[in-house]
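Novice: Just dropping this structure here.
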Amino acid sequence: MSEPVTTLPTPMRVEYAFTAGLAQSRYLQGIAEGKFIGQRCPKCHQVYVPPRGSCPTDGVATTDDVVLGNAGTVTTYCVVNVPFQGQSIEIPYICAQILLDGANIAFMGLIQEVPPDQVRMGMRVEAVWVDPSEWGPTMTSVKYFRPNGEPDAPYESFAKYL
Amino acid sequence: MSPASSKPVRPVAVVSVAQSRSVRREDHRNEVEILMPVVTEVFAKIGVTKNDMGFVCSGSTDYLVGAPFSFVSALDAVGVWPPMRESHVEMDGAWALYEAWTLLQEGELDTALVYSFGRSSPSDLRRVLALQLDPYYLAPLWPDPVALAALQAQALIDAGRATEGDFAAVAARSRRDALGNPNAQVAKDQAPEELLADDYVVAPLRRHALPPITDGAAAVVLAAGDRARDLVERPAWITGIDHRIETHALGARDLTASPSTALAAEEAGVFERWGSGSGAVAVDVAELHTPYASQEGVVRHALRLADSVAVNPSGGPLAANALMVAGLLRIGEAAQRIMDGSAGSAIAHATSGPCLQQNLVCALAAEPDGKGS
Amino acid sequence: MAESDVLRAPHVLEYPYLRSLGPVLGAFFTGLRDGRILGARSADADGTPTVVVPPTEYDPATGRDVGELIEVGPGGVVTTWAWVSEPLEGQPLDRPFAWALVRPDGATTAMLHAVDAGSPEAMASGMRVVPRWRPAEARTGTLLDLACFVPEGAG
């Protein structure tokens with residue numbers, strides 16, 4: 001034991017009681033019912049999903065719930081090839097920004113059932129949910145998005161959401 | 001030679017202050033939802049909007065939420081569109097205010113929004129705050145802030161500088177004064193003798209000597225020169241502001257004194273402006289960010305406050321202590337008393353780190369040259 | 001929505017940090033593993049010699065580089081203390097104990113640690129304490145190689 005000490009393990013662990021807040025709780029309860037629920041800003045009338053309780057451009061509370069469908073457009077995407085610790089999805093996989101029909105902001109989702117080299121901006125997709133008996137207030141209720149066969153959305157229809 | 005940054009090149013004032021009601025637990029609203037009405041109110045009081053702000057600066061810490069970049073989503077409470085000049089400090093909002101004040105000194109911008117928020121309820125605060133300590137020599141032992149404050153309190157007792165009775169007197173006075181503050185969390189009238197029957201949490205600190213655990217948010221608007229006079233009749237002018245820090249090596253410090261507070265006060269012009277012949281500083285109000293009752297005496301002494309100075313008429317951090325907010329609120333509470341005419345001069349103090357390790361002193365007055373009225 | 005509908009969930013943040021120590025801190029922790037407390041020779045702004053324990057890379061008062069490391073203690077003096085009747089998770093002892101700043105003999109600063117005194121009546125500033133070391137084979141170069149301090153002369 002004559003080697004000098006050169007490192008020191010300093011593990012840390014802290015426990016929190018996380019609160020989703022009013023808007024995110026509303027969204028997750030919608031997920032538990034198999035629905036994507038956004039909220040509309042009373043000032044600019046944009047629909048945000050997932051809602052966070054505030055309009056990011058006006059700084060006012062978003063008020064009205066808007067139930068959105070399962071269809072949307074891929075605005076942009078990337079193909080993940082890099083392995084990392086904690087990875088649960090087999091590489092390569094496609095991570096995309098998905099603009100649901102009726103929403104004014106895209107959110108991140110997993111794309112499956114299409115080879116990576118066939119994914120493109122404007123691709124029309126639909127949400128694939130787990131079995132309704134397994135729906136809960138958690139994003140694992142949504143398995144992934146897959147192409148829905150519709151013709152690609154024109155660039156102009158989503159350009160401002162990039 | 002004093003650094004030029006501590007005394008203003010350009011007069012900047014606090015023109016609006018707003019805060020949420022300090023509560024033990026805000027667990028149905030998240031940080032954005034707590035902050036939004038506070039930001040709305042701070043603007044409404046002076047008839048401005050976010051579009052009138054040249055700069056936005058916030059103070060908060062991700063460690064309270066347990067999520068990285070949590071402060072970014074808080075910007076939704078302001079609505080930073082079109083894009084605004086913005087900054088954040090992983091510190092109490094008092095330091096966000098210091099950054100905003102510094103930027104306004106440059107002359108390009110005339111207004112700034114400063115806000116801070118902190119929910120202490122989601123975590124075991126005593127464990128979370130151990131993470132701010134030296135990671136090699138202190139944090140591995142997980143000493144909590146109460147334990148560290150207790151070490152300082154015992155040192156004061158050993159040096160004959162304070163007694164447990166003094167701590168109880170500070171706690172009793174603070175919470176009694178808080179009865180006049182609708183935003184305070186802990187407000188009651190109890191005699192110091194009653195308080196001395198409390199159990200020790202970490203001796204020599206009894207429960208009453210500790211700050212409450214608080215969730216809250218606050219916002220302040222700063223404005224420069226004529227812009228400040230356009231917005232309110234009686235701006236609370238910042239005549240000096242400075243921040244000094246001591247070593248983080250706890251055992252290398254004199255815990256019975258606060259040399260960083262004294263130096264910050266000196267650099268902020270407190271002694272020059274308000275020190276009388278005897279050296280005692282006579283201002284109308286002092287709002288001190290001393291969360292433990294044992295610490296008030298240390299900071300009073302460092303600031304050379306005359307006995308006549310009203311300390312923490314708001315109730316101070318012993319009545320409401322939202323982490324990351326309590327320091328900004330000291331500036332806000334002091335400023336409000338100047339704006340409403342009940343004070344002509346004030347000192348606000350904010351602290352960070354264990355046992356008053358670093359300290360910010362902000363001098364405020366009804367006139368930019370420091371004169372009260 | 002009703003407050004009762006707001007969702008809450010436990011969330012754990014956990015990281016297995018491994019920190020590199022460098023020559024000064026590395027020497028201190030090597031010393032602990034070997035059952036010794038080391039301090040760094042330094043000096044105040046006015047030139048008065050000091051010995052900084054635990055050693056920092058730079059002098060805490062002047063910011064200058066510190067000098068050589070020397071052995072201090074093992075015994076020392078309690079400069080202040082505080083009694084914990086309900087220890088928290090991760091703290092050095094799981095029974096009531098005293099936090100203390102202990103200035104080892106030969107040092108001019110103090111280090112934070114626990115004193116296993118049994119009761120607050122056994123504690124006083126100015127008292128002498130000595131280290132209780134973990135058994136040599138269990139020491140790996142961490143602060144708790146020195147399990148705690150105990151009153152000097154105690155059994």
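Ordering of the structure tokens sets the chain letters (A, B, ...); residue numbers start at 1 within each chain; ligands are numbered from 1 in the order shown.
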Do you know which residues are at most 10 Å from Phe28 (chain C) counting only C-alpha atoms, after dropping those on the same chain fewer than 3 positions away, and could you put them as a PDB file with C-alpha atoms, in the first residue's frame?
Specialist:
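Contents of result-v4.pdb, freshly written:
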```pdb
ATOM      1  CA  PRO A   4       0.237   7.500  -3.411  1.00  0.00           C
ATOM      2  CA  VAL A   5      -3.494   8.219  -3.333  1.00  0.00           C
TER       3      VAL A   5
ATOM      4  CA  LEU C  21      -6.594  15.157  -6.202  1.00  0.00           C
ATOM      5  CA  PRO C  23      -0.132  16.844  -5.441  1.00  0.00           C
ATOM      6  CA  VAL C  24      -1.281  18.710  -2.316  1.00  0.00           C
ATOM      7  CA  LEU C  25      -4.626  17.049  -1.591  1.00  0.00           C
ATOM      8  CA  GLY C  31      -1.182  10.619   4.767  1.00  0.00           C
ATOM      9  CA  LEU C  32      -4.607   9.724   6.162  1.00  0.00           C
ATOM     10  CA  ARG C  33      -4.372   6.296   4.603  1.00  0.00           C
ATOM     11  CA  ASP C  34      -1.035   5.906   6.339  1.00  0.00           C
ATOM     12  CA  ARG C  36      -0.994  10.615   9.645  1.00  0.00           C
ATOM     13  CA  ILE C  37      -2.460  14.111   9.479  1.00  0.00           C
ATOM     14  CA  LEU C  38      -0.490  16.484   7.255  1.00  0.00           C
ATOM     15  CA  GLY C  39      -0.509  20.262   7.031  1.00  0.00           C
ATOM     16  CA  ALA C  40       1.086  22.708   4.630  1.00  0.00           C
ATOM     17  CA  VAL C  53      -4.753  21.978   7.865  1.00  0.00           C
ATOM     18  CA  PRO C  54      -6.282  20.448   5.878  1.00  0.00           C
ATOM     19  CA  PRO C  55      -3.773  21.690   3.304  1.00  0.00           C
ATOM     20  CA  THR C  56      -5.118  23.760   0.432  1.00  0.00           C
ATOM     21  CA  LEU C  69       3.738  19.323   3.882  1.00  0.00           C
ATOM     22  CA  ILE C  70       4.586  18.328   7.451  1.00  0.00           C
ATOM     23  CA  GLU C  71       2.972  15.998   9.949  1.00  0.00           C
ATOM     24  CA  GLY C 141      -7.354   7.554   1.395  1.00  0.00           C
ATOM     25  CA  THR C 142     -10.591   9.308   2.376  1.00  0.00           C
ATOM     26  CA  LEU C 143     -11.530  11.666   5.200  1.00  0.00           C
TER      27      LEU C 143
END
```
Novice: Could you please tell me, as a VMD selection string, which residues of chain B have an atom within 10 Å of chain C when using only C-alpha atoms?
Specialist: chain B and resid 27 to 29 63 65 to 67 122 to 123 126 to 127 135 to 144 146 to 158 200 to 205 246 to 253 255
Novice: List every residue of region 85-160 of chain B that DSSP, applied to the backbone, labels as helix (DSSP H, G or I), and write the result as a PyMOL selection string.
Specialist: chain B and resi 93-105+125-132+139-141+145-158
Novice: Distance cut-off 8 Å, counting only C-alpha atoms - which residues of chain A neighbour chain B? Return them as a PyMOL selection string.
Specialist: chain A and resi 8+10+14-22+52-61
Novice: Would you mind exporting C-alpha atoms of the selected residues as a PDB file, in the first residue's frame?
Specialist:
```
ATOM      1  CA  LEU A   8     -11.139  10.368  -4.185  1.00  0.00           C
ATOM      2  CA  THR A  10     -17.252  11.422  -3.713  1.00  0.00           C
ATOM      3  CA  VAL A  14     -30.200  13.377  -3.185  1.00  0.00           C
ATOM      4  CA  GLU A  15     -33.904  12.578  -3.197  1.00  0.00           C
ATOM      5  CA  TYR A  16     -36.549  14.992  -4.363  1.00  0.00           C
ATOM      6  CA  ALA A  17     -40.336  15.103  -4.349  1.00  0.00           C
ATOM      7  CA  PHE A  18     -40.977  16.340  -7.864  1.00  0.00           C
ATOM      8  CA  THR A  19     -44.148  18.297  -8.622  1.00  0.00           C
ATOM      9  CA  ALA A  20     -45.348  18.372 -12.207  1.00  0.00           C
ATOM     10  CA  GLY A  21     -47.309  21.554 -11.633  1.00  0.00           C
ATOM     11  CA  LEU A  22     -50.784  22.252 -12.948  1.00  0.00           C
ATOM     12  CA  ARG A  52     -45.920  24.269 -19.262  1.00  0.00           C
ATOM     13  CA  GLY A  53     -48.431  26.721 -17.902  1.00  0.00           C
ATOM     14  CA  SER A  54     -46.974  29.770 -19.590  1.00  0.00           C
ATOM     15  CA  CYS A  55     -46.727  31.080 -23.127  1.00  0.00           C
ATOM     16  CA  PRO A  56     -42.999  31.338 -23.861  1.00  0.00           C
ATOM     17  CA  THR A  57     -43.401  34.437 -25.990  1.00  0.00           C
ATOM     18  CA  ASP A  58     -45.962  36.392 -23.979  1.00  0.00           C
ATOM     19  CA  GLY A  59     -45.230  35.268 -20.419  1.00  0.00           C
ATOM     20  CA  VAL A  60     -48.944  34.807 -19.652  1.00  0.00           C
ATOM     21  CA  ALA A  61     -50.737  31.754 -18.381  1.00  0.00           C
TER      22      ALA A  61
END
```
Novice: Residues of chain A classed as strand (DSSP E or B) by DSSP on the backbone are to be reported as a PDB file with N, CA and C atoms, in the first residue's frame.
Specialist:
```pdb
ATOM      1  N   THR A   7      -6.837   9.712  -6.329  1.00  0.00           N
ATOM      2  CA  THR A   7      -8.241  10.051  -6.592  1.00  0.00           C
ATOM      3  C   THR A   7      -9.062   9.842  -5.336  1.00  0.00           C
ATOM      4  N   LEU A   8     -10.246  10.455  -5.334  1.00  0.00           N
ATOM      5  CA  LEU A   8     -11.139  10.368  -4.185  1.00  0.00           C
ATOM      6  C   LEU A   8     -12.559  10.166  -4.688  1.00  0.00           C
ATOM      7  N   PRO A   9     -13.186   9.033  -4.349  1.00  0.00           N
ATOM      8  CA  PRO A   9     -14.594   8.879  -4.734  1.00  0.00           C
ATOM      9  C   PRO A   9     -15.466   9.780  -3.855  1.00  0.00           C
ATOM     10  N   THR A  10     -16.349  10.559  -4.482  1.00  0.00           N
ATOM     11  CA  THR A  10     -17.252  11.422  -3.713  1.00  0.00           C
ATOM     12  C   THR A  10     -18.671  11.236  -4.241  1.00  0.00           C
ATOM     13  N   PRO A  11     -19.242  10.053  -3.991  1.00  0.00           N
ATOM     14  CA  PRO A  11     -20.592   9.814  -4.525  1.00  0.00           C
ATOM     15  C   PRO A  11     -21.596  10.734  -3.874  1.00  0.00           C
ATOM     16  N   MET A  12     -22.614  11.145  -4.636  1.00  0.00           N
ATOM     17  CA  MET A  12     -23.673  11.937  -4.040  1.00  0.00           C
ATOM     18  C   MET A  12     -25.017  11.364  -4.447  1.00  0.00           C
ATOM     19  N   ARG A  13     -25.965  11.487  -3.564  1.00  0.00           N
ATOM     20  CA  ARG A  13     -27.312  11.020  -3.823  1.00  0.00           C
ATOM     21  C   ARG A  13     -28.265  11.934  -3.082  1.00  0.00           C
ATOM     22  N   VAL A  14     -29.202  12.516  -3.821  1.00  0.00           N
ATOM     23  CA  VAL A  14     -30.200  13.377  -3.185  1.00  0.00           C
ATOM     24  C   VAL A  14     -31.567  12.964  -3.691  1.00  0.00           C
ATOM     25  N   GLU A  15     -32.546  12.945  -2.811  1.00  0.00           N
ATOM     26  CA  GLU A  15     -33.904  12.578  -3.197  1.00  0.00           C
ATOM     27  C   GLU A  15     -34.795  13.801  -3.215  1.00  0.00           C
ATOM     28  N   TYR A  16     -35.633  13.861  -4.208  1.00  0.00           N
ATOM     29  CA  TYR A  16     -36.549  14.992  -4.363  1.00  0.00           C
ATOM     30  C   TYR A  16     -37.986  14.490  -4.473  1.00  0.00           C
ATOM     31  N   ALA A  17     -38.917  15.357  -4.088  1.00  0.00           N
ATOM     32  CA  ALA A  17     -40.336  15.103  -4.349  1.00  0.00           C
ATOM     33  C   ALA A  17     -40.705  16.042  -5.483  1.00  0.00           C
ATOM     34  N   PHE A  18     -40.757  15.501  -6.691  1.00  0.00           N
ATOM     35  CA  PHE A  18     -40.977  16.340  -7.864  1.00  0.00           C
ATOM     36  C   PHE A  18     -42.457  16.637  -8.042  1.00  0.00           C
ATOM     37  N   THR A  19     -42.762  17.895  -8.347  1.00  0.00           N
ATOM     38  CA  THR A  19     -44.148  18.297  -8.622  1.00  0.00           C
ATOM     39  C   THR A  19     -44.258  18.663 -10.085  1.00  0.00           C
ATOM     40  N   PHE A  36     -53.187  13.551 -26.581  1.00  0.00           N
ATOM     41  CA  PHE A  36     -52.214  14.632 -26.451  1.00  0.00           C
ATOM     42  C   PHE A  36     -52.999  15.917 -26.207  1.00  0.00           C
ATOM     43  N   ILE A  37     -52.761  16.553 -25.066  1.00  0.00           N
ATOM     44  CA  ILE A  37     -53.479  17.787 -24.753  1.00  0.00           C
ATOM     45  C   ILE A  37     -52.500  18.952 -24.711  1.00  0.00           C
ATOM     46  N   GLY A  38     -52.770  19.947 -25.559  1.00  0.00           N
ATOM     47  CA  GLY A  38     -51.979  21.167 -25.536  1.00  0.00           C
ATOM     48  C   GLY A  38     -52.771  22.262 -24.850  1.00  0.00           C
ATOM     49  N   GLN A  39     -52.158  23.435 -24.704  1.00  0.00           N
ATOM     50  CA  GLN A  39     -52.886  24.574 -24.152  1.00  0.00           C
ATOM     51  C   GLN A  39     -52.663  25.785 -25.030  1.00  0.00           C
ATOM     52  N   ARG A  40     -53.706  26.621 -25.138  1.00  0.00           N
ATOM     53  CA  ARG A  40     -53.662  27.786 -26.015  1.00  0.00           C
ATOM     54  C   ARG A  40     -53.385  29.043 -25.213  1.00  0.00           C
ATOM     55  N   VAL A  47     -50.840  27.207 -29.819  1.00  0.00           N
ATOM     56  CA  VAL A  47     -51.100  26.016 -29.008  1.00  0.00           C
ATOM     57  C   VAL A  47     -49.769  25.344 -28.694  1.00  0.00           C
ATOM     58  N   TYR A  48     -49.508  25.175 -27.412  1.00  0.00           N
ATOM     59  CA  TYR A  48     -48.239  24.594 -26.973  1.00  0.00           C
ATOM     60  C   TYR A  48     -48.470  23.192 -26.417  1.00  0.00           C
ATOM     61  N   SER A  54     -47.244  28.404 -19.192  1.00  0.00           N
ATOM     62  CA  SER A  54     -46.974  29.770 -19.590  1.00  0.00           C
ATOM     63  C   SER A  54     -46.664  29.818 -21.080  1.00  0.00           C
ATOM     64  N   ALA A  61     -50.288  33.126 -18.613  1.00  0.00           N
ATOM     65  CA  ALA A  61     -50.737  31.754 -18.381  1.00  0.00           C
ATOM     66  C   ALA A  61     -51.515  31.250 -19.588  1.00  0.00           C
ATOM     67  N   ASP A  64     -56.763  27.574 -22.198  1.00  0.00           N
ATOM     68  CA  ASP A  64     -57.673  26.561 -22.747  1.00  0.00           C
ATOM     69  C   ASP A  64     -56.944  25.296 -23.159  1.00  0.00           C
ATOM     70  N   ASP A  65     -57.525  24.155 -22.773  1.00  0.00           N
ATOM     71  CA  ASP A  65     -57.018  22.868 -23.240  1.00  0.00           C
ATOM     72  C   ASP A  65     -57.408  22.683 -24.693  1.00  0.00           C
ATOM     73  N   VAL A  66     -56.512  22.097 -25.473  1.00  0.00           N
ATOM     74  CA  VAL A  66     -56.813  21.753 -26.860  1.00  0.00           C
ATOM     75  C   VAL A  66     -56.407  20.299 -27.057  1.00  0.00           C
ATOM     76  N   VAL A  67     -57.381  19.442 -27.378  1.00  0.00           N
ATOM     77  CA  VAL A  67     -57.048  18.034 -27.598  1.00  0.00           C
ATOM     78  C   VAL A  67     -56.543  17.885 -29.023  1.00  0.00           C
ATOM     79  N   LEU A  68     -55.331  17.360 -29.158  1.00  0.00           N
ATOM     80  CA  LEU A  68     -54.716  17.193 -30.471  1.00  0.00           C
ATOM     81  C   LEU A  68     -54.817  15.729 -30.878  1.00  0.00           C
ATOM     82  N   ALA A  71     -51.798  12.534 -35.378  1.00  0.00           N
ATOM     83  CA  ALA A  71     -50.995  12.709 -36.590  1.00  0.00           C
ATOM     84  C   ALA A  71     -50.147  13.954 -36.492  1.00  0.00           C
ATOM     85  N   GLY A  72     -48.984  13.886 -37.121  1.00  0.00           N
ATOM     86  CA  GLY A  72     -48.101  15.039 -37.108  1.00  0.00           C
ATOM     87  C   GLY A  72     -47.066  14.972 -38.208  1.00  0.00           C
ATOM     88  N   THR A  73     -46.187  15.971 -38.215  1.00  0.00           N
ATOM     89  CA  THR A  73     -45.152  16.101 -39.247  1.00  0.00           C
ATOM     90  C   THR A  73     -43.774  16.127 -38.606  1.00  0.00           C
ATOM     91  N   VAL A  74     -42.849  15.416 -39.215  1.00  0.00           N
ATOM     92  CA  VAL A  74     -41.455  15.503 -38.760  1.00  0.00           C
ATOM     93  C   VAL A  74     -40.870  16.794 -39.309  1.00  0.00           C
ATOM     94  N   THR A  75     -40.478  17.714 -38.409  1.00  0.00           N
ATOM     95  CA  THR A  75     -39.905  18.978 -38.891  1.00  0.00           C
ATOM     96  C   THR A  75     -38.405  18.824 -39.103  1.00  0.00           C
ATOM     97  N   THR A  76     -37.782  18.067 -38.232  1.00  0.00           N
ATOM     98  CA  THR A  76     -36.362  17.766 -38.390  1.00  0.00           C
ATOM     99  C   THR A  76     -36.057  16.528 -37.561  1.00  0.00           C
ATOM    100  N   TYR A  77     -34.906  15.942 -37.781  1.00  0.00           N
ATOM    101  CA  TYR A  77     -34.609  14.685 -37.097  1.00  0.00           C
ATOM    102  C   TYR A  77     -33.098  14.472 -37.078  1.00  0.00           C
ATOM    103  N   CYS A  78     -32.677  13.485 -36.283  1.00  0.00           N
ATOM    104  CA  CYS A  78     -31.285  13.057 -36.393  1.00  0.00           C
ATOM    105  C   CYS A  78     -31.233  11.556 -36.147  1.00  0.00           C
ATOM    106  N   VAL A  79     -30.205  10.945 -36.646  1.00  0.00           N
ATOM    107  CA  VAL A  79     -30.022   9.506 -36.454  1.00  0.00           C
ATOM    108  C   VAL A  79     -28.919   9.321 -35.424  1.00  0.00           C
ATOM    109  N   VAL A  80     -29.261   8.692 -34.324  1.00  0.00           N
ATOM    110  CA  VAL A  80     -28.297   8.514 -33.238  1.00  0.00           C
ATOM    111  C   VAL A  80     -27.505   7.243 -33.467  1.00  0.00           C
ATOM    112  N   TYR A  93     -30.898   4.811 -34.012  1.00  0.00           N
ATOM    113  CA  TYR A  93     -32.314   5.116 -33.885  1.00  0.00           C
ATOM    114  C   TYR A  93     -32.560   6.563 -34.261  1.00  0.00           C
ATOM    115  N   ILE A  94     -33.800   6.849 -34.567  1.00  0.00           N
ATOM    116  CA  ILE A  94     -34.150   8.164 -35.095  1.00  0.00           C
ATOM    117  C   ILE A  94     -34.876   8.979 -34.040  1.00  0.00           C
ATOM    118  N   CYS A  95     -34.316  10.139 -33.776  1.00  0.00           N
ATOM    119  CA  CYS A  95     -34.889  11.069 -32.808  1.00  0.00           C
ATOM    120  C   CYS A  95     -35.413  12.237 -33.646  1.00  0.00           C
ATOM    121  N   ALA A  96     -36.699  12.565 -33.514  1.00  0.00           N
ATOM    122  CA  ALA A  96     -37.259  13.595 -34.384  1.00  0.00           C
ATOM    123  C   ALA A  96     -38.021  14.660 -33.611  1.00  0.00           C
ATOM    124  N   GLN A  97     -38.138  15.830 -34.201  1.00  0.00           N
ATOM    125  CA  GLN A  97     -39.050  16.871 -33.713  1.00  0.00           C
ATOM    126  C   GLN A  97     -40.360  16.669 -34.455  1.00  0.00           C
ATOM    127  N   ILE A  98     -41.428  16.482 -33.698  1.00  0.00           N
ATOM    128  CA  ILE A  98     -42.720  16.159 -34.291  1.00  0.00           C
ATOM    129  C   ILE A  98     -43.708  17.282 -34.003  1.00  0.00           C
ATOM    130  N   LEU A  99     -44.277  17.823 -35.084  1.00  0.00           N
ATOM    131  CA  LEU A  99     -45.274  18.885 -34.961  1.00  0.00           C
ATOM    132  C   LEU A  99     -46.639  18.238 -35.136  1.00  0.00           C
ATOM    133  N   LEU A 100     -47.356  18.063 -34.023  1.00  0.00           N
ATOM    134  CA  LEU A 100     -48.687  17.469 -34.122  1.00  0.00           C
ATOM    135  C   LEU A 100     -49.610  18.428 -34.867  1.00  0.00           C
ATOM    136  N   PHE A 107     -42.353  18.712 -30.555  1.00  0.00           N
ATOM    137  CA  PHE A 107     -41.691  18.078 -29.414  1.00  0.00           C
ATOM    138  C   PHE A 107     -40.907  16.863 -29.906  1.00  0.00           C
ATOM    139  N   MET A 108     -40.038  16.385 -29.032  1.00  0.00           N
ATOM    140  CA  MET A 108     -39.127  15.321 -29.422  1.00  0.00           C
ATOM    141  C   MET A 108     -39.801  13.957 -29.302  1.00  0.00           C
ATOM    142  N   GLY A 109     -39.585  13.113 -30.291  1.00  0.00           N
ATOM    143  CA  GLY A 109     -40.139  11.764 -30.227  1.00  0.00           C
ATOM    144  C   GLY A 109     -39.246  10.774 -30.944  1.00  0.00           C
ATOM    145  N   LEU A 110     -39.499   9.520 -30.682  1.00  0.00           N
ATOM    146  CA  LEU A 110     -38.750   8.433 -31.303  1.00  0.00           C
ATOM    147  C   LEU A 110     -39.491   7.989 -32.561  1.00  0.00           C
ATOM    148  N   ILE A 111     -38.764   7.777 -33.640  1.00  0.00           N
ATOM    149  CA  ILE A 111     -39.370   7.273 -34.878  1.00  0.00           C
ATOM    150  C   ILE A 111     -38.950   5.830 -35.075  1.00  0.00           C
ATOM    151  N   ARG A 124     -44.874  12.456 -42.764  1.00  0.00           N
ATOM    152  CA  ARG A 124     -46.100  12.431 -41.953  1.00  0.00           C
ATOM    153  C   ARG A 124     -46.068  11.195 -41.057  1.00  0.00           C
ATOM    154  N   VAL A 125     -46.365  11.382 -39.790  1.00  0.00           N
ATOM    155  CA  VAL A 125     -46.271  10.277 -38.828  1.00  0.00           C
ATOM    156  C   VAL A 125     -47.520  10.208 -37.957  1.00  0.00           C
ATOM    157  N   GLU A 126     -47.655   9.076 -37.268  1.00  0.00           N
ATOM    158  CA  GLU A 126     -48.746   8.912 -36.296  1.00  0.00           C
ATOM    159  C   GLU A 126     -48.184   8.271 -35.032  1.00  0.00           C
ATOM    160  N   ALA A 127     -48.808   8.581 -33.924  1.00  0.00           N
ATOM    161  CA  ALA A 127     -48.353   8.030 -32.645  1.00  0.00           C
ATOM    162  C   ALA A 127     -48.794   6.587 -32.514  1.00  0.00           C
ATOM    163  N   VAL A 128     -47.927   5.769 -31.959  1.00  0.00           N
ATOM    164  CA  VAL A 128     -48.272   4.388 -31.649  1.00  0.00           C
ATOM    165  C   VAL A 128     -48.257   4.266 -30.122  1.00  0.00           C
ATOM    166  N   TRP A 129     -49.407   3.953 -29.573  1.00  0.00           N
ATOM    167  CA  TRP A 129     -49.546   3.887 -28.114  1.00  0.00           C
ATOM    168  C   TRP A 129     -49.381   2.438 -27.643  1.00  0.00           C
ATOM    169  N   VAL A 142     -46.694   6.187 -24.691  1.00  0.00           N
ATOM    170  CA  VAL A 142     -46.506   6.353 -26.134  1.00  0.00           C
ATOM    171  C   VAL A 142     -45.266   5.578 -26.516  1.00  0.00           C
ATOM    172  N   LYS A 143     -45.429   4.580 -27.389  1.00  0.00           N
ATOM    173  CA  LYS A 143     -44.271   3.763 -27.758  1.00  0.00           C
ATOM    174  C   LYS A 143     -43.334   4.540 -28.665  1.00  0.00           C
ATOM    175  N   TYR A 144     -43.881   5.056 -29.759  1.00  0.00           N
ATOM    176  CA  TYR A 144     -43.077   5.797 -30.731  1.00  0.00           C
ATOM    177  C   TYR A 144     -44.014   6.372 -31.787  1.00  0.00           C
ATOM    178  N   PHE A 145     -43.444   7.014 -32.792  1.00  0.00           N
ATOM    179  CA  PHE A 145     -44.195   7.497 -33.956  1.00  0.00           C
ATOM    180  C   PHE A 145     -43.717   6.721 -35.175  1.00  0.00           C
ATOM    181  N   ARG A 146     -44.640   6.502 -36.121  1.00  0.00           N
ATOM    182  CA  ARG A 146     -44.249   5.795 -37.351  1.00  0.00           C
ATOM    183  C   ARG A 146     -44.903   6.502 -38.533  1.00  0.00           C
ATOM    184  N   PRO A 147     -44.341   6.275 -39.727  1.00  0.00           N
ATOM    185  CA  PRO A 147     -44.944   6.907 -40.910  1.00  0.00           C
ATOM    186  C   PRO A 147     -46.407   6.486 -41.041  1.00  0.00           C
TER     187      PRO A 147
END
```
Novice: Of the candidates A:Pro42, A:Gly34, A:Gly149, A:Pro154, which one gets nearest to Glu113 (chain A) if we count only C-alpha atoms?
Specialist: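 Answer, going by the shortest atom-to-atom distance: A:Gly149.
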Novice: Restricting the calculation to only C-alpha atoms, which member of B:Phe271, B:Ala346, B:Ala236, B:Leu288 is positioned closest to Val220 (chain B)?
Specialist: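 For Val220 (chain B), the nearest of the given residues is B:Ala236.
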Novice: What gap, in Å, lies between CA of Thr138 (chain A) and CA of Arg119 (chain B)?
Specialist: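 Here the two named atoms are 23.6 Å from each other.
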Novice: If I take CA of Phe71 (chain B) and CA of Arg85 (chain B), how far is one from the other in Å, to one decimal?
Specialist: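 The value is 15.1 Å.
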Novice: Write out as a list of chain:residue names each polymer residue whose atoms come within 8 Å of Thr111 (chain B), counting only C-alpha atoms; drop sequence neighbours fewer than 4 positions from it.
Specialist: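 Non-adjacent residues within range: B:Asp52, B:Met53, B:Gly54, B:Phe55, B:Leu104, B:Val221, B:Leu222, B:Ala223, B:Ala224, B:Arg227.
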Novice: Take the residues just selected and output them with N, CA and C atoms as a short mmCIF file (atom, residue, chain, number, x, y, z; two decimals), in the first residue's frame.
Specialist:
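What ended up in again.cif:
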```
data_model
loop_
_atom_site.label_atom_id
_atom_site.label_comp_id
_atom_site.auth_asym_id
_atom_site.auth_seq_id
_atom_site.Cartn_x
_atom_site.Cartn_y
_atom_site.Cartn_z
N ASP B 52 -40.38 46.63 -22.31
CA ASP B 52 -39.70 47.84 -21.83
C ASP B 52 -38.40 47.51 -21.12
N MET B 53 -38.09 46.23 -20.94
CA MET B 53 -36.89 45.85 -20.21
C MET B 53 -35.72 45.67 -21.16
N GLY B 54 -34.57 46.27 -20.79
CA GLY B 54 -33.38 46.10 -21.62
C GLY B 54 -32.64 44.81 -21.32
N PHE B 55 -32.89 44.24 -20.14
CA PHE B 55 -32.09 43.11 -19.68
C PHE B 55 -32.90 42.32 -18.67
N LEU B 104 -26.20 48.02 -16.23
CA LEU B 104 -26.81 49.34 -16.42
C LEU B 104 -25.77 50.45 -16.27
N VAL B 221 -37.61 45.54 -10.44
CA VAL B 221 -37.25 46.24 -11.67
C VAL B 221 -36.26 47.35 -11.30
N LEU B 222 -35.17 47.41 -12.04
CA LEU B 222 -34.19 48.47 -11.88
C LEU B 222 -34.33 49.44 -13.04
N ALA B 223 -34.11 50.71 -12.77
CA ALA B 223 -34.12 51.70 -13.85
C ALA B 223 -33.06 52.74 -13.57
N ALA B 224 -32.52 53.32 -14.64
CA ALA B 224 -31.43 54.28 -14.48
C ALA B 224 -31.92 55.70 -14.69
N ARG B 227 -35.13 57.67 -16.40
CA ARG B 227 -36.10 56.59 -16.60
C ARG B 227 -36.72 56.19 -15.26
#
```
